[in-house]
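What's in entry.cif: mmCIF, C-alpha atoms and all ligand atoms
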data_input
#
loop_
_atom_site.label_atom_id
_atom_site.label_comp_id
_atom_site.auth_asym_id
_atom_site.auth_seq_id
_atom_site.Cartn_x
_atom_site.Cartn_y
_atom_site.Cartn_z
CA MET A 1 112.28 127.08 115.62
CA PRO A 2 115.19 129.13 114.22
CA VAL A 3 116.05 132.14 116.41
CA ASN A 4 115.09 134.66 113.72
CA GLU A 5 111.56 133.21 113.64
CA MET A 6 111.05 133.38 117.39
CA ALA A 7 110.71 137.14 117.16
CA LEU A 8 107.85 136.81 114.66
CA THR A 9 104.26 136.90 115.81
CA PRO A 10 102.59 133.54 115.08
CA ARG A 11 100.54 135.13 112.31
CA ALA A 12 103.72 136.10 110.39
CA ILE A 13 105.10 132.55 110.25
CA ARG A 14 105.34 131.19 106.69
CA LEU A 15 104.60 127.65 105.51
CA PRO A 16 105.01 125.96 102.12
CA MET A 17 101.58 125.25 100.66
CA VAL A 18 99.98 123.05 98.01
CA GLU A 19 96.35 124.21 98.03
CA ILE A 20 93.36 125.39 100.03
CA PHE A 21 89.89 124.34 98.87
CA GLU A 22 86.41 123.54 100.14
CA THR A 23 84.61 120.25 99.50
CA VAL A 24 82.98 117.54 101.61
CA GLU A 25 85.22 115.49 103.90
CA GLY A 26 85.67 112.09 102.29
CA GLU A 27 86.95 110.15 105.29
CA GLY A 28 86.63 109.47 109.00
CA THR A 29 83.91 110.38 111.48
CA ARG A 30 83.26 113.75 109.77
CA ALA A 31 82.86 112.25 106.28
CA GLY A 32 80.18 114.12 104.36
CA PHE A 33 80.51 117.46 106.19
CA PRO A 34 81.51 120.52 104.16
CA THR A 35 85.19 121.02 105.05
CA VAL A 36 87.99 123.41 104.17
CA PHE A 37 91.18 121.54 103.22
CA VAL A 38 94.47 123.23 104.10
CA ARG A 39 97.14 121.16 102.34
CA LEU A 40 100.77 121.81 103.31
CA PHE A 41 103.72 120.91 101.11
CA GLY A 42 106.34 118.33 102.17
CA CYS A 43 106.39 114.81 103.60
CA ASN A 44 108.92 112.73 105.54
CA LEU A 45 107.60 109.44 104.07
CA ARG A 46 107.26 108.00 100.56
CA CYS A 47 104.40 105.48 100.68
CA VAL A 48 104.18 103.18 97.66
CA TRP A 49 100.46 103.87 97.11
CA CYS A 50 100.54 107.60 97.96
CA ASP A 51 97.74 109.51 96.20
CA THR A 52 99.18 112.99 96.84
CA LYS A 53 102.63 112.76 95.23
CA TYR A 54 102.18 116.39 94.15
CA SER A 55 102.64 117.36 97.80
CA TYR A 56 106.40 116.70 98.03
CA PRO A 57 109.56 116.83 95.85
CA PRO A 58 110.25 116.55 92.96
CA ALA A 59 106.95 118.46 92.74
CA GLU A 60 107.25 121.99 94.08
CA ALA A 61 105.20 123.97 96.56
CA ALA A 62 102.58 126.14 94.88
CA ASN A 63 103.56 129.02 97.14
CA THR A 64 104.35 129.92 100.71
CA MET A 65 101.69 131.59 102.83
CA THR A 66 101.79 133.27 106.21
CA ILE A 67 99.46 131.93 108.86
CA ASP A 68 97.69 135.29 108.65
CA GLU A 69 97.00 134.75 104.93
CA ILE A 70 95.81 131.16 105.47
CA VAL A 71 93.42 132.20 108.26
CA ALA A 72 92.14 135.16 106.21
CA GLN A 73 91.39 132.88 103.24
CA VAL A 74 89.58 130.32 105.42
CA GLU A 75 87.57 133.11 107.07
CA SER A 76 86.60 135.04 103.96
CA GLN A 77 86.30 132.55 101.08
CA TYR A 78 84.46 129.56 102.61
CA LYS A 79 81.57 128.73 104.90
CA ALA A 80 82.48 125.24 106.21
CA GLU A 81 82.71 124.74 109.98
CA HIS A 82 85.26 121.91 109.68
CA ILE A 83 88.91 122.11 108.62
CA CYS A 84 91.12 119.24 107.45
CA MET A 85 94.80 120.14 107.90
CA THR A 86 96.58 117.75 105.57
CA GLY A 87 99.51 117.28 103.19
CA GLY A 88 101.99 115.75 102.67
CA GLU A 89 102.59 115.68 106.40
CA PRO A 90 101.07 118.78 108.00
CA LEU A 91 103.02 118.41 111.26
CA LEU A 92 106.39 118.32 109.47
CA TYR A 93 107.19 121.88 110.52
CA GLY A 94 107.09 121.38 114.31
CA SER A 95 106.33 124.61 116.15
CA ARG A 96 105.34 126.29 112.86
CA SER A 97 102.74 123.56 112.21
CA ALA A 98 101.55 123.90 115.83
CA ALA A 99 101.15 127.66 115.42
CA LEU A 100 98.99 127.14 112.32
CA LEU A 101 96.84 124.53 114.06
CA LYS A 102 96.33 126.88 117.03
CA GLU A 103 95.31 129.79 114.84
CA LEU A 104 92.90 127.64 112.77
CA CYS A 105 91.27 126.48 116.04
CA GLY A 106 90.96 130.15 116.98
CA ILE A 107 88.62 130.94 114.06
CA GLU A 108 85.25 131.51 115.71
CA ARG A 109 83.13 129.85 112.98
CA ILE A 110 85.23 126.67 113.02
CA LYS A 111 84.00 123.78 115.21
CA ASP A 112 86.63 121.12 114.40
CA VAL A 113 90.16 121.05 112.98
CA HIS A 114 91.31 117.53 112.17
CA VAL A 115 94.92 116.83 111.30
CA GLU A 116 95.78 114.01 108.85
CA THR A 117 99.14 112.87 110.24
CA ASN A 118 101.22 109.95 109.01
CA GLY A 119 102.23 108.08 112.19
CA ALA A 120 105.90 109.04 111.88
CA ILE A 121 105.60 112.32 113.84
CA ASP A 122 105.65 112.34 117.66
CA LEU A 123 102.26 113.73 118.70
CA ALA A 124 103.25 114.43 122.35
CA PRO A 125 104.41 118.04 121.78
CA PHE A 126 101.27 118.88 119.79
CA LEU A 127 98.92 117.35 122.36
CA SER A 128 100.58 119.26 125.19
CA GLU A 129 100.89 122.56 123.31
CA ILE A 130 97.49 122.80 121.59
CA GLY A 131 94.93 123.40 124.31
CA SER A 132 91.92 123.80 122.03
CA PRO A 133 89.25 121.07 122.25
CA LYS A 134 88.64 121.68 118.52
CA ALA A 135 91.95 120.02 117.54
CA ARG A 136 91.71 116.32 116.65
CA TYR A 137 94.24 113.92 115.14
CA ILE A 138 93.61 111.33 112.46
CA MET A 139 96.77 109.26 112.58
CA ASP A 140 97.66 106.88 109.78
CA TYR A 141 99.39 103.66 110.69
CA LYS A 142 101.50 102.68 107.68
CA LEU A 143 101.32 98.92 107.14
CA PRO A 144 104.12 96.88 105.49
CA ASP A 145 102.76 97.19 101.91
CA SER A 146 103.19 100.98 102.14
CA GLY A 147 106.98 100.50 102.40
CA GLU A 148 107.09 102.82 105.44
CA ASN A 149 106.23 100.56 108.40
CA ASP A 150 109.70 101.01 109.93
CA ALA A 151 109.00 104.73 110.40
CA MET A 152 105.94 104.22 112.65
CA LEU A 153 106.13 105.64 116.19
CA HIS A 154 104.12 103.21 118.29
CA GLY A 155 104.17 105.52 121.33
CA ASN A 156 101.49 107.63 119.64
CA PHE A 157 98.79 104.97 120.18
CA ALA A 158 98.65 105.55 123.94
CA LEU A 159 98.51 109.34 123.44
CA LEU A 160 95.46 109.38 121.19
CA ARG A 161 92.11 110.31 122.80
CA PRO A 162 88.51 109.17 122.16
CA GLN A 163 87.96 112.12 119.78
CA ASP A 164 90.96 111.04 117.66
CA GLU A 165 91.09 108.37 114.95
CA VAL A 166 93.70 105.86 113.80
CA LYS A 167 93.50 104.83 110.18
CA PHE A 168 94.91 101.63 108.68
CA VAL A 169 95.14 101.71 104.90
CA ILE A 170 94.98 98.06 103.87
CA ALA A 171 96.44 96.85 100.58
CA SER A 172 96.55 93.06 101.06
CA ASP A 173 95.66 90.10 103.26
CA ALA A 174 99.08 90.45 104.95
CA ASP A 175 98.38 94.13 105.73
CA PHE A 176 95.03 93.15 107.25
CA ASP A 177 96.60 90.55 109.55
CA PHE A 178 99.32 93.04 110.56
CA ALA A 179 96.72 95.72 111.40
CA VAL A 180 94.80 93.31 113.64
CA LYS A 181 98.03 92.45 115.50
CA VAL A 182 99.01 96.12 115.91
CA LEU A 183 95.60 96.99 117.39
CA ALA A 184 95.96 94.16 119.90
CA ALA A 185 99.53 95.12 120.82
CA TYR A 186 99.06 98.90 121.19
CA PRO A 187 95.86 99.80 123.06
CA THR A 188 94.40 103.17 122.12
CA GLU A 189 91.31 105.23 122.93
CA ALA A 190 91.14 106.44 119.32
CA LEU A 191 88.52 105.07 116.93
CA ALA A 192 90.12 102.53 114.57
CA LEU A 193 89.34 102.89 110.86
CA PHE A 194 90.12 100.30 108.16
CA SER A 195 90.42 101.75 104.69
CA PRO A 196 90.91 99.70 101.50
CA VAL A 197 93.71 100.67 99.07
CA TRP A 198 91.71 101.72 96.03
CA GLU A 199 93.65 99.61 93.51
CA SER A 200 94.29 96.34 95.38
CA MET A 201 91.69 95.67 98.11
CA PRO A 202 88.06 95.44 96.92
CA PRO A 203 85.87 97.00 99.67
CA ALA A 204 83.57 93.94 99.73
CA LYS A 205 86.55 91.75 100.53
CA LEU A 206 87.67 94.04 103.34
CA VAL A 207 84.16 94.01 104.88
CA GLN A 208 84.07 90.21 104.70
CA LYS A 209 87.46 90.01 106.43
CA MET A 210 86.39 92.48 109.17
CA LEU A 211 83.23 90.48 109.90
CA ALA A 212 85.08 87.14 109.85
CA ALA A 213 87.68 88.50 112.31
CA GLY A 214 84.95 89.84 114.64
CA LEU A 215 86.32 93.39 114.61
CA THR A 216 83.17 94.92 116.10
CA GLY A 217 84.87 98.16 117.22
CA VAL A 218 86.54 98.91 113.89
CA LYS A 219 84.86 101.20 111.35
CA LEU A 220 85.09 100.75 107.57
CA ASN A 221 86.47 103.95 106.03
CA MET A 222 85.70 104.53 102.35
CA GLN A 223 87.18 107.54 100.56
CA LEU A 224 83.91 109.21 99.49
CA HIS A 225 85.74 111.68 97.24
CA LYS A 226 87.06 108.81 95.10
CA ILE A 227 83.53 107.48 94.66
CA ILE A 228 81.95 110.88 93.92
CA TRP A 229 84.70 112.17 91.58
CA ASP A 230 87.42 110.69 89.38
CA PRO A 231 89.92 109.11 91.85
CA ALA A 232 92.76 111.05 90.18
CA GLN A 233 91.03 114.44 90.45
CA ARG A 234 92.69 117.07 92.66
CA GLY A 235 91.03 119.68 94.83
CA VAL A 236 87.93 117.60 95.65
N1 LIG B 301 87.22 115.10 99.98
C1 LIG B 301 88.41 114.82 100.49
N2 LIG B 301 88.50 114.25 101.72
C2 LIG B 301 89.75 114.01 102.21
N3 LIG B 301 90.07 113.51 103.44
C3 LIG B 301 91.41 113.47 103.56
C4 LIG B 301 92.00 113.95 102.39
C5 LIG B 301 93.46 114.11 102.24
O1 LIG B 301 93.95 114.25 101.12
O2 LIG B 301 94.17 114.11 103.25
C6 LIG B 301 90.94 114.29 101.52
C7 LIG B 301 90.84 114.86 100.20
O3 LIG B 301 91.80 115.11 99.48
N4 LIG B 301 89.55 115.10 99.75
S1 LIG B 302 102.57 109.94 104.43
FE1 LIG B 302 100.80 110.53 103.16
S2 LIG B 302 101.58 112.17 101.80
FE2 LIG B 302 103.38 111.16 102.72
S3 LIG B 302 103.97 109.63 101.20
FE3 LIG B 302 102.60 108.59 102.67
S4 LIG B 302 100.53 108.76 101.79
FE4 LIG B 302 101.85 110.25 100.71
MG MG B 303 93.65 113.07 99.33
#

Could I get this structure in the form of structure tokens?
Amino acid sequence: MPVNEMALTPRAIRLPMVEIFETVEGEGTRAGFPTVFVRLFGCNLRCVWCDTKYSYPPAEAANTMTIDEIVAQVESQYKAEHICMTGGEPLLYGSRSAALLKELCGIERIKDVHVETNGAIDLAPFLSEIGSPKARYIMDYKLPDSGENDAMLHGNFALLRPQDEVKFVIASDADFDFAVKVLAAYPTEALALFSPVWESMPPAKLVQKMLAAGLTGVKLNMQLHKIIWDPAQRGV
């Protein structure tokens, strides 16, 4: 954190934002629950099949908000008891991201704050700094078809806990085989999710492959929001 920010109270810290909205969670163990989405601007990766290209340059941040303003909006404008902190990459801003996560966990009404992180951010500092049991991590593992496999930090697998999730977004047969090998090579307590890339992996094919491979502990993860609404629609 730059020295001039260290004097600020956590609530005065500013972050670049894309949007805040309420809908139902489309993914993971909390799929279907009303959820407030807090989407930060900026990402350190450029996945080929990214569906939120509006969350990093050349697009621009919608605005910057202080943590105080973000918390006030979550408290006053919505009723959901779950928060999805997403992006872009919501942990891109280090101690500033951690401060936001802490303050979101501090909202009395909120029962769960899950962070959609991209596998290229070391989770150790967040796990040691955020004491709240409300904070959970949903870590993507970027497979070769994403173009970002080289950026994956495999040390994160051993850090994840039973309440966390690790999500493999699968675009091809080769991605599927790679995901199976990664799960065998890097034991984790997190729940493993397999998610089909909307355009190139028909869900029925992915299910057939999961059953054939005997992956009894892996959960199919469909993006409910792309079934309910137009897959290109924002803010849902
Ligand atoms: N409904 C809904 N569920 C989501 N789960 C993760 C999302 C994301 O963009 O990170 C997302 C999203 O954008 N919409
Ligand atoms: S990490 Fe997420 S936001 Fe960043 S490029 Fe990949 S899919 Fe898009
Ligand atoms: Mg999305």

request  = Please identify every polymer residue within 9 Å of ligand MG 303 (chain B), using all atoms listed in the file, and present the set as number ranges by chain.
outcome  = A: 26, 50-52, 86-87, 223, 225-226, 234-236

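For the choices A:Leu183, A:Leu215, A:Met65, A:Ala59, the atom-to-atom distance to Arg11 (chain A) is smallest for A:Met65 when using only C-alpha atoms.
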
Notebook entry, point to check: Can you tell me, as an MDAnalysis selection string, which residues sit within 6 Å of (101.9, 107.4, 107.5) in the file's frame, using only C-alpha atoms?
Noted result: chainID A and resid 118:119 140:142

If you keep C-alpha atoms, can you produce a file of those selected residues as a JSON list (two decimals), keeping the file's coordinate frame?
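Saved the output as selection.json:
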[["chain", "number", "residue", "atom", "x", "y", "z"],
["A", 118, "ASN", "CA", 101.22, 109.95, 109.01],
["A", 119, "GLY", "CA", 102.23, 108.08, 112.19],
["A", 140, "ASP", "CA", 97.66, 106.88, 109.78],
["A", 141, "TYR", "CA", 99.39, 103.66, 110.69],
["A", 142, "LYS", "CA", 101.50, 102.68, 107.68]]

Return the single residue from A:Ala99, A:Leu159, A:Ile107, A:Ile228 that is closest to Ala124 (chain A), with distances computed using all atoms listed in the file.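 Closest to Ala124 (chain A), using all atoms listed in the file: A:Leu159.
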
Students should find that CA of Arg109 (chain A) and CA of Pro34 (chain A) are spaced 12.9 Å

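For the set A:Glu148, A:Glu27, A:Glu108, A:Asp122, the residue with the smallest atom-to-atom gap to ligand LIG 302 (chain B) is A:Glu148, counting only C-alpha atoms and all ligand atoms.
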
Residue neighbourhood region 170-181 of chain A, 9 Å, all atoms listed in the file, exclusion window fewer than 2 positions, as a count of residues only:
25

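Going from CA of Leu91 (chain A) to CA of Thr117 (chain A) covers 6.8 Å.
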
With distances taken over only C-alpha atoms, which of A:Met85, A:Ala62, A:Ile20, A:Val207 is nearest to Ile138 (chain A)?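 For Ile138 (chain A), the nearest of the given residues is A:Met85.
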
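Nearest residue to ligand LIG 301 (chain B) among A:Ile13, A:Val115, A:Val166, A:Val74 is A:Val115, counting only C-alpha atoms and all ligand atoms.
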
Point-to-point distance from CA of Gln163 (chain A) to CA of Pro231 (chain A), Å rounded to tenths: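 Value for the CA of Gln163 (chain A)-CA of Pro231 (chain A) distance: 28.2 Å.
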
Within-7 Å shell of (94.0, 122.4, 112.6) in input frame, all atoms listed in the file, as a ChimeraX atom specification:
/A:83-85,100-102,104-105,113-115,135
